[in-house]
>>> print(open('query05.json').read())   # JSON, C-alpha atoms
[["chain", "number", "residue", "atom", "x", "y", "z"],
["N", 104, "MET", "CA", -30.38, -16.78, -39.40],
["N", 105, "ALA", "CA", -34.06, -15.92, -39.77],
["N", 106, "ASN", "CA", -35.90, -17.23, -42.79],
["N", 107, "ASN", "CA", -39.10, -15.30, -43.49],
["N", 108, "LYS", "CA", -39.89, -17.04, -46.79],
["N", 109, "MET", "CA", -42.31, -19.93, -47.22],
["N", 110, "ILE", "CA", -40.28, -23.07, -47.92],
["N", 111, "GLN", "CA", -40.85, -26.79, -48.53],
["N", 112, "CYS", "CA", -38.89, -29.28, -46.43],
["N", 113, "ILE", "CA", -38.35, -31.43, -49.55],
["N", 114, "HIS", "CA", -35.73, -28.86, -50.64],
["N", 115, "CYS", "CA", -33.86, -28.74, -47.30],
["N", 116, "LYS", "CA", -30.53, -30.41, -46.61],
["N", 117, "HIS", "CA", -31.53, -31.20, -43.00],
["N", 118, "GLY", "CA", -34.32, -33.60, -43.95],
["N", 119, "LYS", "CA", -34.59, -37.38, -44.07],
["N", 120, "PHE", "CA", -37.44, -38.30, -46.41],
["N", 121, "MET", "CA", -39.80, -41.25, -46.24],
["N", 122, "GLN", "CA", -43.07, -42.33, -47.82],
["N", 123, "TRP", "CA", -45.57, -45.04, -46.91],
["N", 124, "MET", "CA", -47.48, -46.46, -49.88],
["N", 125, "LYS", "CA", -48.99, -43.55, -51.84],
["N", 126, "ASN", "CA", -49.22, -41.16, -48.89],
["N", 127, "PRO", "CA", -47.45, -37.77, -48.93],
["N", 128, "VAL", "CA", -43.68, -37.71, -48.44],
["N", 129, "ILE", "CA", -42.71, -37.04, -44.83],
["N", 130, "CYS", "CA", -39.61, -35.13, -43.76],
["N", 131, "GLU", "CA", -37.90, -35.93, -40.48],
["N", 132, "CYS", "CA", -35.83, -32.88, -39.58],
["N", 133, "ASP", "CA", -32.32, -33.62, -38.27],
["N", 134, "ILE", "CA", -32.27, -30.32, -36.34],
["N", 135, "LEU", "CA", -35.80, -30.00, -34.92],
["N", 136, "LYS", "CA", -36.32, -33.79, -34.46],
["N", 137, "GLU", "CA", -39.89, -33.42, -35.76],
["N", 138, "ARG", "CA", -41.75, -34.71, -38.80],
["N", 139, "PHE", "CA", -43.47, -32.55, -41.40],
["N", 140, "VAL", "CA", -45.24, -33.09, -44.72],
["N", 141, "ALA", "CA", -42.28, -32.52, -47.03],
["N", 142, "GLU", "CA", -44.10, -30.62, -49.78],
["N", 143, "ALA", "CA", -46.29, -28.43, -47.56],
["N", 144, "LYS", "CA", -45.25, -24.79, -47.45],
["N", 145, "ARG", "CA", -44.15, -23.49, -44.06],
["N", 146, "LEU", "CA", -41.87, -21.02, -42.34],
["N", 147, "CYS", "CA", -38.68, -22.56, -40.96],
["N", 148, "PRO", "CA", -35.76, -20.72, -39.33],
["N", 149, "THR", "CA", -33.40, -23.69, -39.88],
["N", 150, "PHE", "CA", -34.02, -24.17, -43.63],
["N", 151, "GLU", "CA", -30.93, -24.56, -45.82],
["N", 152, "GLN", "CA", -31.20, -25.34, -49.53],
["N", 153, "SER", "CA", -30.09, -28.85, -50.47],
["N", 154, "ASN", "CA", -27.57, -29.37, -53.25],
["N", 155, "GLN", "CA", -29.47, -32.44, -54.52],
["N", 156, "THR", "CA", -31.75, -32.02, -57.53],
["N", 157, "LYS", "CA", -33.89, -34.98, -56.42],
["N", 158, "PRO", "CA", -34.01, -35.99, -52.73],
["N", 159, "GLU", "CA", -33.47, -39.58, -51.63],
["N", 160, "ILE", "CA", -36.82, -40.95, -50.41],
["N", 161, "THR", "CA", -37.11, -44.22, -48.48],
["N", 162, "HIS", "CA", -40.30, -46.03, -49.53],
["N", 163, "TYR", "CA", -42.28, -48.36, -47.25],
["N", 164, "ASP", "CA", -45.08, -50.73, -48.30],
["N", 165, "HIS", "CA", -46.56, -51.16, -44.79],
["N", 166, "TYR", "CA", -46.75, -49.27, -41.48]]
>>> encode(input="query05.json", output="structure tokens")
Amino acid sequence: MANNKMIQCIHCKHGKFMQWMKNPVICECDILKERFVAEAKRLCPTFEQSNQTKPEITHYDHY
């Protein structure tokens, strides 16, 4: 399934989201096994819209 639209990982059901202090939210993709800035726009062939209105984000206060 090819996705030719610009998406944001923050809206994808394949992401695990994390944030350190006040840095941007990072998405760790369950399929690609890579990390991306969750709110950056990008092309992704594996994107599938999440059913959640607000994603669960794990917050960290140190590296």
>>> closest_residue(input="query05.json", among="N:Cys132, N:Met121, N:Ile113, N:Ala141", to="Lys157 (chain N)", atoms="all atoms listed in the file")
N:Ile113
>>> atom_distance(input="query05.json", atom1="CA of Lys125 (chain N)", atom2="CA of Gln152 (chain N)")
25.6 Å
>>> closest_residue(input="query05.json", among="N:Glu142, N:Met124, N:Lys119, N:Glu131", to="Glu159 (chain N)", atoms="all atoms listed in the file")
N:Lys119
>>> residues_around(input="query05.json", residues="Leu135 (chain N)", least_positions_apart="4", cutoff="12 Å", atoms="only C-alpha atoms", output="short mmCIF file (atom, residue, chain, number, x, y, z; two decimals) with C-alpha atoms, in the coordinates of the input")
data_model
loop_
_atom_site.label_atom_id
_atom_site.label_comp_id
_atom_site.auth_asym_id
_atom_site.auth_seq_id
_atom_site.Cartn_x
_atom_site.Cartn_y
_atom_site.Cartn_z
CA CYS N 112 -38.89 -29.28 -46.43
CA HIS N 117 -31.53 -31.20 -43.00
CA GLY N 118 -34.32 -33.60 -43.95
CA LYS N 119 -34.59 -37.38 -44.07
CA CYS N 130 -39.61 -35.13 -43.76
CA GLU N 131 -37.90 -35.93 -40.48
CA PHE N 139 -43.47 -32.55 -41.40
CA CYS N 147 -38.68 -22.56 -40.96
CA PRO N 148 -35.76 -20.72 -39.33
CA THR N 149 -33.40 -23.69 -39.88
CA PHE N 150 -34.02 -24.17 -43.63
#
>>> closest_residue(input="query05.json", among="N:Arg145, N:Lys108, N:Lys136, N:His114", to="Pro158 (chain N)", atoms="only C-alpha atoms")
N:His114
>>> closest_residue(input="query05.json", among="N:Ile134, N:Gln111, N:Pro127, N:Gln122", to="Thr161 (chain N)", atoms="all atoms listed in the file")
N:Gln122
>>> closest_residue(input="query05.json", among="N:Ser153, N:Asn126, N:Tyr166, N:Phe120", to="Arg138 (chain N)", atoms="all atoms listed in the file")
N:Phe120
>>> decode(input="query05.json", residues="region 126-160 of chain N", atoms="C-alpha atoms", output="PDB file, in the first residue's frame")
ATOM      1  CA  ASN N 126      12.533  18.227  23.455  1.00  0.00           C
ATOM      2  CA  PRO N 127      10.353  17.204  20.487  1.00  0.00           C
ATOM      3  CA  VAL N 128       8.313  14.009  20.772  1.00  0.00           C
ATOM      4  CA  ILE N 129      10.079  11.036  19.205  1.00  0.00           C
ATOM      5  CA  CYS N 130       8.306   8.157  17.478  1.00  0.00           C
ATOM      6  CA  GLU N 131       9.825   4.695  17.499  1.00  0.00           C
ATOM      7  CA  CYS N 132       8.231   2.806  14.603  1.00  0.00           C
ATOM      8  CA  ASP N 133       7.185  -0.780  15.374  1.00  0.00           C
ATOM      9  CA  ILE N 134       7.525  -1.735  11.694  1.00  0.00           C
ATOM     10  CA  LEU N 135      10.661   0.095  10.521  1.00  0.00           C
ATOM     11  CA  LYS N 136      12.473  -0.147  13.907  1.00  0.00           C
ATOM     12  CA  GLU N 137      13.679   3.445  13.475  1.00  0.00           C
ATOM     13  CA  ARG N 138      13.068   6.686  15.350  1.00  0.00           C
ATOM     14  CA  PHE N 139      11.634   9.863  13.844  1.00  0.00           C
ATOM     15  CA  VAL N 140      10.535  13.278  15.103  1.00  0.00           C
ATOM     16  CA  ALA N 141       6.851  12.528  15.623  1.00  0.00           C
ATOM     17  CA  GLU N 142       5.444  15.842  14.390  1.00  0.00           C
ATOM     18  CA  ALA N 143       7.742  16.307  11.388  1.00  0.00           C
ATOM     19  CA  LYS N 144       6.052  15.781   8.033  1.00  0.00           C
ATOM     20  CA  ARG N 145       7.379  12.905   5.959  1.00  0.00           C
ATOM     21  CA  LEU N 146       6.418  10.291   3.402  1.00  0.00           C
ATOM     22  CA  CYS N 147       5.876   6.825   4.866  1.00  0.00           C
ATOM     23  CA  PRO N 148       4.645   3.722   3.024  1.00  0.00           C
ATOM     24  CA  THR N 149       3.671   1.986   6.302  1.00  0.00           C
ATOM     25  CA  PHE N 150       1.531   4.797   7.780  1.00  0.00           C
ATOM     26  CA  GLU N 151      -1.861   3.783   9.183  1.00  0.00           C
ATOM     27  CA  GLN N 152      -4.096   6.274  10.974  1.00  0.00           C
ATOM     28  CA  SER N 153      -4.388   5.697  14.723  1.00  0.00           C
ATOM     29  CA  ASN N 154      -7.812   5.480  16.355  1.00  0.00           C
ATOM     30  CA  GLN N 155      -6.581   7.462  19.392  1.00  0.00           C
ATOM     31  CA  THR N 156      -7.427  11.155  19.579  1.00  0.00           C
ATOM     32  CA  LYS N 157      -4.380  11.817  21.783  1.00  0.00           C
ATOM     33  CA  PRO N 158      -1.361   9.482  21.640  1.00  0.00           C
ATOM     34  CA  GLU N 159       0.185   8.034  24.791  1.00  0.00           C
ATOM     35  CA  ILE N 160       3.587   9.705  25.300  1.00  0.00           C
TER      36      ILE N 160
END
